[in-house]
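J.: model.cif is reproduced below (mmCIF, C-alpha atoms).
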data_start
#
loop_
_atom_site.label_atom_id
_atom_site.label_comp_id
_atom_site.auth_asym_id
_atom_site.auth_seq_id
_atom_site.Cartn_x
_atom_site.Cartn_y
_atom_site.Cartn_z
CA SER A 150 83.60 83.40 92.93
CA ASP A 151 81.47 82.51 95.95
CA TYR A 152 83.73 79.51 96.51
CA LEU A 153 86.85 81.68 96.89
CA LYS A 154 85.01 84.23 99.03
CA GLU A 155 83.88 81.56 101.47
CA THR A 156 87.00 79.37 101.58
CA ILE A 157 89.73 82.03 101.41
CA GLY A 158 88.38 85.58 101.22
CA ARG A 159 86.66 85.59 104.59
CA ARG A 160 89.73 84.15 106.34
CA VAL A 161 91.99 86.79 104.77
CA ALA A 162 89.57 89.59 105.69
CA ARG A 163 89.47 88.36 109.30
CA GLY A 164 93.26 88.29 109.47
CA GLU A 165 93.37 84.54 109.95
CA CYS A 166 95.72 84.08 106.99
CA GLY A 167 97.71 86.19 104.57
CA MET A 168 97.90 86.56 100.80
CA ALA A 169 100.69 88.04 98.68
CA ILE A 170 100.17 89.87 95.40
CA THR A 171 102.40 87.85 93.06
CA LEU A 172 102.94 89.70 89.79
CA THR A 173 106.56 90.69 89.06
CA GLU A 174 108.96 88.35 87.28
CA PRO A 175 112.77 88.48 87.01
CA GLN A 176 112.83 89.23 83.29
CA GLY A 177 109.91 91.66 83.10
CA GLY A 178 109.80 94.01 86.07
CA SER A 179 106.92 96.41 85.46
CA ASP A 180 106.23 94.90 82.02
CA LEU A 181 103.35 92.74 83.22
CA ALA A 182 102.09 92.05 79.70
CA ASN A 183 105.25 89.98 79.22
CA ILE A 184 104.43 87.46 81.98
CA LYS A 185 106.10 84.07 81.38
CA THR A 186 104.62 82.04 84.26
CA THR A 187 102.18 79.57 82.69
CA ALA A 188 99.04 77.84 83.92
CA THR A 189 98.10 74.90 81.71
CA LYS A 190 94.95 72.86 82.25
CA THR A 191 95.22 69.12 82.79
CA ALA A 192 93.64 66.77 80.27
CA ASP A 193 90.52 66.37 82.43
CA GLY A 194 90.21 70.16 82.78
CA LYS A 195 90.03 69.98 86.58
CA HIS A 196 93.43 71.48 87.49
CA TYR A 197 96.03 74.02 86.39
CA ILE A 198 99.70 73.04 86.23
CA ILE A 199 101.72 76.16 87.02
CA ASN A 200 105.37 76.79 86.15
CA GLY A 201 107.38 79.97 86.47
CA VAL A 202 109.27 82.37 88.74
CA LYS A 203 108.14 85.50 90.56
CA LYS A 204 110.50 88.03 92.13
CA PHE A 205 110.30 90.90 94.66
CA ILE A 206 107.22 89.34 96.27
CA THR A 207 106.46 91.05 99.57
CA GLY A 208 105.67 88.80 102.54
CA GLY A 209 106.46 85.60 100.67
CA GLN A 210 107.50 83.67 103.78
CA CYS A 211 104.60 84.96 105.89
CA VAL A 212 101.53 84.16 103.79
CA GLU A 213 99.33 81.16 103.11
CA TYR A 214 98.40 82.10 99.54
CA PHE A 215 99.89 83.71 96.44
CA ASN A 216 97.45 85.72 94.30
CA THR A 217 99.33 85.06 91.07
CA LEU A 218 99.23 86.56 87.58
CA VAL A 219 99.76 83.72 85.09
CA ARG A 220 99.52 83.13 81.38
CA THR A 221 96.64 80.86 80.41
CA GLY A 222 96.37 81.89 76.77
CA LYS A 223 97.77 84.02 73.97
CA ALA A 224 100.52 86.64 74.22
CA ALA A 225 100.05 90.13 75.74
CA HIS A 226 97.29 91.23 78.12
CA GLY A 227 94.49 89.07 76.77
CA GLY A 228 96.15 85.80 77.77
CA LEU A 229 96.60 86.62 81.46
CA SER A 230 94.59 85.25 84.38
CA MET A 231 94.69 85.49 88.17
CA VAL A 232 95.03 82.23 90.09
CA ILE A 233 95.34 81.70 93.86
CA ILE A 234 98.13 79.28 94.74
CA PRO A 235 98.50 77.83 98.27
CA ALA A 236 101.98 78.51 99.66
CA ASN A 237 102.20 74.94 100.95
CA ALA A 238 101.35 73.36 97.59
CA LYS A 239 103.84 70.82 96.27
CA GLY A 240 106.34 72.50 93.94
CA VAL A 241 106.24 75.95 95.56
CA THR A 242 109.64 77.22 96.74
CA VAL A 243 110.06 80.54 98.56
CA THR A 244 113.49 82.14 99.06
CA LYS A 245 114.10 85.33 101.00
CA LEU A 246 116.04 88.03 99.15
CA GLU A 247 118.61 90.17 100.96
CA ALA A 248 117.21 93.67 100.43
CA ALA A 249 118.88 96.95 101.37
CA GLY A 250 115.87 97.98 103.44
CA TRP A 251 112.25 97.21 104.23
CA TRP A 252 113.48 94.17 106.12
CA ALA A 253 110.07 93.56 107.72
CA GLY A 254 108.62 93.36 104.20
CA ASN A 255 110.08 89.88 103.75
CA THR A 256 110.99 90.34 100.06
CA THR A 257 111.16 86.97 98.32
CA LEU A 258 111.71 84.92 95.16
CA VAL A 259 108.90 82.43 94.51
CA LYS A 260 109.30 79.44 92.18
CA PHE A 261 106.45 77.31 90.85
CA GLU A 262 107.50 73.91 89.50
CA ASP A 263 104.63 71.78 88.21
CA VAL A 264 102.35 73.15 90.92
CA GLN A 265 98.86 71.68 90.64
CA VAL A 266 95.83 73.68 91.81
CA PRO A 267 92.09 73.16 91.18
CA VAL A 268 90.52 75.32 88.45
CA GLU A 269 88.25 76.71 91.19
CA MET A 270 91.23 78.79 92.33
CA LEU A 271 90.84 80.99 89.22
CA ILE A 272 89.71 84.55 90.05
CA GLY A 273 87.00 85.68 87.65
CA GLN A 274 87.41 84.46 84.09
CA GLU A 275 90.36 83.25 82.06
CA GLY A 276 91.97 86.06 80.08
CA LYS A 277 90.65 88.75 82.43
CA GLY A 278 93.59 88.72 84.84
CA PHE A 279 95.12 91.97 83.63
CA GLU A 280 91.79 93.78 84.10
CA VAL A 281 91.48 92.43 87.64
CA MET A 282 95.05 93.43 88.42
CA ALA A 283 94.66 96.91 86.93
CA THR A 284 91.60 97.55 89.10
CA VAL A 285 93.13 96.52 92.42
CA MET A 286 96.46 98.21 91.67
CA ASN A 287 94.88 101.62 92.32
CA GLY A 288 94.31 100.59 95.92
CA GLU A 289 97.88 99.40 96.24
CA ARG A 290 99.17 102.63 94.72
CA LEU A 291 97.13 104.67 97.18
CA ILE A 292 99.05 102.86 99.91
CA GLY A 293 102.16 103.52 97.81
CA CYS A 294 101.40 107.24 98.09
CA LEU A 295 100.59 107.37 101.79
CA GLY A 296 103.64 105.39 102.91
CA PRO A 297 106.17 107.71 101.25
CA LEU A 298 104.23 110.76 102.46
CA ARG A 299 104.37 109.55 106.05
CA SER A 300 108.10 108.88 105.68
CA ALA A 301 108.69 112.33 104.15
CA ARG A 302 106.94 113.98 107.11
CA MET A 303 108.98 111.90 109.54
CA LEU A 304 112.16 113.07 107.81
CA LEU A 305 111.04 116.68 108.17
CA GLU A 306 110.17 116.11 111.83
CA GLU A 307 113.53 114.47 112.59
CA SER A 308 115.35 117.28 110.80
CA ILE A 309 113.60 119.98 112.85
CA LYS A 310 114.21 118.17 116.14
CA PHE A 311 117.89 117.72 115.36
CA ALA A 312 118.37 121.30 114.15
CA ARG A 313 116.74 122.75 117.27
CA GLU A 314 119.24 120.92 119.50
CA ARG A 315 122.35 121.23 117.37
CA LYS A 316 124.55 124.28 118.09
CA THR A 317 126.91 125.54 115.38
CA PHE A 318 128.78 128.82 115.07
CA GLY A 319 127.22 130.16 118.24
CA GLN A 320 123.56 129.51 117.38
CA ARG A 321 121.06 126.73 116.91
CA LEU A 322 121.23 125.08 113.51
CA SER A 323 117.51 125.80 113.10
CA ASP A 324 118.21 129.55 113.36
CA SER A 325 120.23 129.47 110.14
CA GLN A 326 118.29 130.84 107.20
CA VAL A 327 119.75 128.22 104.88
CA ILE A 328 118.41 125.42 107.10
CA ARG A 329 115.02 127.10 107.58
CA HIS A 330 114.65 127.28 103.81
CA LYS A 331 115.30 123.54 103.66
CA PHE A 332 112.44 123.01 106.11
CA ALA A 333 110.18 125.19 104.00
CA GLN A 334 110.97 123.33 100.79
CA MET A 335 110.44 119.96 102.47
CA ALA A 336 107.11 121.08 103.93
CA ARG A 337 106.01 122.54 100.59
CA ARG A 338 106.55 119.26 98.81
CA CYS A 339 104.83 117.25 101.56
CA GLU A 340 101.75 119.48 101.55
CA ALA A 341 101.49 119.50 97.75
CA ALA A 342 101.63 115.72 97.53
CA GLN A 343 99.20 115.36 100.44
CA GLY A 344 96.65 117.56 98.71
CA ILE A 345 96.83 115.53 95.52
CA VAL A 346 96.44 112.22 97.34
CA GLU A 347 93.53 113.41 99.47
CA GLY A 348 91.75 114.63 96.35
CA ILE A 349 92.06 111.22 94.72
CA ALA A 350 90.97 109.45 97.90
CA TYR A 351 87.85 111.62 97.99
CA SER A 352 87.12 110.78 94.34
CA MET A 353 87.39 107.08 95.19
CA LYS A 354 85.03 107.56 98.13
CA CYS A 355 82.55 109.22 95.78
CA GLY A 356 82.63 106.24 93.45
CA ALA A 357 85.24 107.09 90.81
CA GLY A 358 86.33 103.97 88.95
CA ALA A 359 89.67 102.64 87.78
CA LYS A 360 89.54 104.45 84.44
CA GLU A 361 88.88 107.81 86.10
CA ILE A 362 91.56 107.59 88.76
CA GLY A 363 94.19 105.38 87.11
CA GLY A 364 96.11 108.25 85.51
CA PRO A 365 95.84 110.70 88.43
CA MET A 366 96.80 107.92 90.86
CA ALA A 367 99.93 107.19 88.83
CA LEU A 368 100.91 110.87 88.93
CA ALA A 369 100.17 111.02 92.67
CA LYS A 370 102.51 108.11 93.30
CA VAL A 371 105.28 109.91 91.43
CA GLU A 372 104.61 113.12 93.38
CA ALA A 373 104.67 111.35 96.74
CA GLY A 374 107.84 109.48 95.84
CA SER A 375 109.48 112.69 94.67
CA ALA A 376 108.61 114.37 97.97
CA LEU A 377 110.16 111.49 99.88
CA GLU A 378 113.29 111.46 97.74
CA TYR A 379 113.78 115.21 98.23
CA CYS A 380 113.15 115.08 101.98
CA ALA A 381 115.54 112.14 102.41
CA ARG A 382 118.34 114.09 100.77
CA GLU A 383 117.70 117.29 102.71
CA ALA A 384 117.31 115.49 106.03
CA SER A 385 120.61 113.73 105.41
CA GLN A 386 122.25 117.10 104.70
CA ILE A 387 120.84 118.65 107.87
CA LEU A 388 121.89 115.75 110.10
CA GLY A 389 125.26 115.37 108.39
CA GLY A 390 127.30 112.40 109.59
CA ALA A 391 124.57 111.39 112.05
CA SER A 392 122.40 110.36 109.10
CA PHE A 393 124.98 107.79 108.06
CA LEU A 394 124.79 105.80 111.30
CA ARG A 395 122.35 103.05 112.24
CA GLN A 396 122.40 104.30 115.82
CA GLY A 397 122.01 107.53 117.69
CA LYS A 398 119.96 110.56 116.71
CA GLY A 399 120.20 109.90 112.99
CA GLN A 400 119.21 106.24 112.85
CA LEU A 401 115.65 106.88 111.65
CA VAL A 402 116.84 109.22 108.90
CA GLU A 403 119.44 106.65 107.86
CA ARG A 404 116.81 103.96 107.57
CA LEU A 405 114.25 106.06 105.70
CA ALA A 406 116.88 107.34 103.27
CA ARG A 407 118.07 103.78 102.63
CA GLU A 408 114.53 102.65 101.85
CA VAL A 409 113.67 105.42 99.37
CA ARG A 410 114.15 103.25 96.31
CA VAL A 411 111.44 100.75 97.22
CA SER A 412 108.90 103.59 97.29
CA ILE A 413 110.04 104.95 93.93
CA VAL A 414 110.16 101.58 92.15
CA GLY A 415 107.72 99.35 94.06
CA GLY A 416 104.15 99.16 92.73
CA GLY A 417 105.25 100.61 89.40
CA SER A 418 108.42 102.59 88.72
CA GLU A 419 108.35 106.36 88.26
CA GLU A 420 108.90 106.04 84.51
CA ILE A 421 106.11 103.48 84.14
CA MET A 422 103.72 105.65 86.16
CA LEU A 423 104.37 108.74 84.07
CA ASP A 424 103.87 106.83 80.85
CA LEU A 425 100.70 105.18 82.19
CA ALA A 426 99.24 108.56 83.09
CA MET A 427 99.86 109.91 79.59
CA ARG A 428 98.46 106.82 77.90
CA MET A 429 95.29 106.95 80.00
CA SER A 430 94.86 110.63 79.15
CA LYS A 431 95.25 109.66 75.47
CA VAL A 432 98.02 112.17 74.82
#
Could you take the file, read its structure, and then write that structure out as structure tokens?
T.:
Amino acid sequence: SDYLKETIGRRVARGECGMAITLTEPQGGSDLANIKTTATKTADGKHYIINGVKKFITGGQCVEYFNTLVRTGKAAHGGLSMVIIPANAKGVTVTKLEAAGWWAGNTTLVKFEDVQVPVEMLIGQEGKGFEVMATVMNGERLIGCLGPLRSARMLLEESIKFARERKTFGQRLSDSQVIRHKFAQMARRCEAAQGIVEGIAYSMKCGAGAKEIGGPMALAKVEAGSALEYCAREASQILGGASFLRQGKGQLVERLAREVRVSIVGGGSEEIMLDLAMRMSKV
């Protein structure tokens, strides 16, 4: 709405405040159609009363607003709506979760207990929340492709630098055919995933909509995550014990390998992405 654009949207776009995408719940994970958080209108119809719990919310302690998927109506997709909830509203509790990695991501648990917000905080129309979410998720998944790809290339770079310096059995580690083949396989996977992602990005630039790119984007996320997962393993093998330390020459590889899971699961798990792609292709 124009109201939300003027009061919140412009401030977010200018970087004056932050907003967290608030979808996942403890019991549902990627099953967003099973959302339990409710938004019930007050008797006068002027406010929503929101109750529920959201989990794995990135940046929860650093934002001013939660862009929240809630249930305003019937079961399944048709009863879902998107509502913006101020982080400082009465009844909002944010707790930081101790994650294995991505520490700067500020992963949190967010509880809503009788939180009251004006009905003007509704995005679009009631019952259209899943459609709104499905549209914007392609943008998030594009980021979810590029992040893992950058990490995979960093793992390849760190592996090459280490192997060029490391001397074993009278020669540089990088002169070993076995190690050079590892580099080749890592590079092959990075380049393949990069090509897929750039193709989708170009389609988006040319105006392709959510229905056209939803399936390919899901497959691209799986491909990028797979490249990262492979490169993390091979980099760890090349660096050996150095990749197990949070210091020294292997500290970056240690961190990236530790954070692989968030790229594979975050924004839609590998299994969900593969199934989504097949459903959208009507197999």
J.: Enumerate, as a PDB file with C-alpha atoms, in the frame of the given file, the residues matched when the PyMOL selection byres ((chain A and resi 256-261) around 10) is run on the file above.
T.:
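Output below, filename selection.pdb:
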ATOM      1  CA  THR A 171     102.400  87.850  93.060  1.00  0.00           C
ATOM      2  CA  THR A 173     106.560  90.690  89.060  1.00  0.00           C
ATOM      3  CA  GLU A 174     108.960  88.350  87.280  1.00  0.00           C
ATOM      4  CA  PRO A 175     112.770  88.480  87.010  1.00  0.00           C
ATOM      5  CA  THR A 186     104.620  82.040  84.260  1.00  0.00           C
ATOM      6  CA  THR A 187     102.180  79.570  82.690  1.00  0.00           C
ATOM      7  CA  ILE A 198      99.700  73.040  86.230  1.00  0.00           C
ATOM      8  CA  ILE A 199     101.720  76.160  87.020  1.00  0.00           C
ATOM      9  CA  ASN A 200     105.370  76.790  86.150  1.00  0.00           C
ATOM     10  CA  GLY A 201     107.380  79.970  86.470  1.00  0.00           C
ATOM     11  CA  VAL A 202     109.270  82.370  88.740  1.00  0.00           C
ATOM     12  CA  LYS A 203     108.140  85.500  90.560  1.00  0.00           C
ATOM     13  CA  LYS A 204     110.500  88.030  92.130  1.00  0.00           C
ATOM     14  CA  PHE A 205     110.300  90.900  94.660  1.00  0.00           C
ATOM     15  CA  ILE A 206     107.220  89.340  96.270  1.00  0.00           C
ATOM     16  CA  THR A 207     106.460  91.050  99.570  1.00  0.00           C
ATOM     17  CA  GLY A 208     105.670  88.800 102.540  1.00  0.00           C
ATOM     18  CA  GLY A 209     106.460  85.600 100.670  1.00  0.00           C
ATOM     19  CA  GLN A 210     107.500  83.670 103.780  1.00  0.00           C
ATOM     20  CA  PHE A 215      99.890  83.710  96.440  1.00  0.00           C
ATOM     21  CA  ILE A 234      98.130  79.280  94.740  1.00  0.00           C
ATOM     22  CA  ALA A 236     101.980  78.510  99.660  1.00  0.00           C
ATOM     23  CA  ALA A 238     101.350  73.360  97.590  1.00  0.00           C
ATOM     24  CA  LYS A 239     103.840  70.820  96.270  1.00  0.00           C
ATOM     25  CA  GLY A 240     106.340  72.500  93.940  1.00  0.00           C
ATOM     26  CA  VAL A 241     106.240  75.950  95.560  1.00  0.00           C
ATOM     27  CA  THR A 242     109.640  77.220  96.740  1.00  0.00           C
ATOM     28  CA  VAL A 243     110.060  80.540  98.560  1.00  0.00           C
ATOM     29  CA  THR A 244     113.490  82.140  99.060  1.00  0.00           C
ATOM     30  CA  LYS A 245     114.100  85.330 101.000  1.00  0.00           C
ATOM     31  CA  LEU A 246     116.040  88.030  99.150  1.00  0.00           C
ATOM     32  CA  GLU A 247     118.610  90.170 100.960  1.00  0.00           C
ATOM     33  CA  ALA A 248     117.210  93.670 100.430  1.00  0.00           C
ATOM     34  CA  GLY A 250     115.870  97.980 103.440  1.00  0.00           C
ATOM     35  CA  TRP A 251     112.250  97.210 104.230  1.00  0.00           C
ATOM     36  CA  TRP A 252     113.480  94.170 106.120  1.00  0.00           C
ATOM     37  CA  ALA A 253     110.070  93.560 107.720  1.00  0.00           C
ATOM     38  CA  GLY A 254     108.620  93.360 104.200  1.00  0.00           C
ATOM     39  CA  ASN A 255     110.080  89.880 103.750  1.00  0.00           C
ATOM     40  CA  GLU A 262     107.500  73.910  89.500  1.00  0.00           C
ATOM     41  CA  ASP A 263     104.630  71.780  88.210  1.00  0.00           C
ATOM     42  CA  VAL A 264     102.350  73.150  90.920  1.00  0.00           C
ATOM     43  CA  GLN A 265      98.860  71.680  90.640  1.00  0.00           C
TER      44      GLN A 265
END
J.: Apply the PyMOL selection byres ((chain A and resi 277) around 9) to the structure shown and report the selected residues as a list in words.
T.: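 This file, filtered by the PyMOL selection byres ((chain A and resi 277) around 9), leaves His226, Gly227, Gly228, Leu229, Ser230, Met231, Ile272, Gly273, Gln274, Glu275, Gly276, Gly278, Phe279, Glu280, Val281 and Met282 of chain A.
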J.: For the structure shown, which residues end up in the PyMOL selection byres ((chain A and resi 191-196) around 6)? Put them as number ranges by chain, please?
T.: A: 190, 197, 266-268
J.: Near segment 342-345 of chain A, counting all atoms listed in the file, which residues have an atom at most 9 Å away, once you skip same-chain residues fewer than 4 positions from it, shown as a PyMOL selection string?
T.: chain A and resi 294-295+298+337-338+349-350+365-366+369-370+372-376
J.: Just the number, please: distance in Å from atom CA of Ala188 of chain A to atom CA of Val219 of chain A, one decimal.
T.: 6.0 Å
J.: Distance atom CA of Ala169 of chain A-atom CA of Ile233 of chain A, one decimal place?
T.: 9.6 Å
J.: How many Å separate atom CA of Val371 of chain A from atom CA of Glu420 of chain A?
T.: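 Taking atom CA of Val371 of chain A and atom CA of Glu420 of chain A, their separation equals 8.7 Å.
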J.: Which residue is closest to Glu213 of chain A? Choose from A:Val402, A:Ala283, A:Leu305, A:Met168 and count all atoms listed in the file.
T.: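 The closest residue to Glu213 of chain A is A:Met168.
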J.: Which protein, DNA or RNA residues are at most 12 Å from (108.2, 103.6, 84.6) in the file's coordinates when you count all atoms listed in the file, listed as number ranges by chain?
T.: A: 178-181, 367-368, 370-371, 413-427
J.: The selected residues should be written to file as a CSV table (one decimal), in the coordinates of the input (atoms: C-alpha atoms).
T.:
chain,number,residue,atom,x,y,z
A,178,GLY,CA,109.8,94.0,86.1
A,179,SER,CA,106.9,96.4,85.5
A,180,ASP,CA,106.2,94.9,82.0
A,181,LEU,CA,103.4,92.7,83.2
A,367,ALA,CA,99.9,107.2,88.8
A,368,LEU,CA,100.9,110.9,88.9
A,370,LYS,CA,102.5,108.1,93.3
A,371,VAL,CA,105.3,109.9,91.4
A,413,ILE,CA,110.0,105.0,93.9
A,414,VAL,CA,110.2,101.6,92.2
A,415,GLY,CA,107.7,99.4,94.1
A,416,GLY,CA,104.2,99.2,92.7
A,417,GLY,CA,105.2,100.6,89.4
A,418,SER,CA,108.4,102.6,88.7
A,419,GLU,CA,108.4,106.4,88.3
A,420,GLU,CA,108.9,106.0,84.5
A,421,ILE,CA,106.1,103.5,84.1
A,422,MET,CA,103.7,105.6,86.2
A,423,LEU,CA,104.4,108.7,84.1
A,424,ASP,CA,103.9,106.8,80.8
A,425,LEU,CA,100.7,105.2,82.2
A,426,ALA,CA,99.2,108.6,83.1
A,427,MET,CA,99.9,109.9,79.6
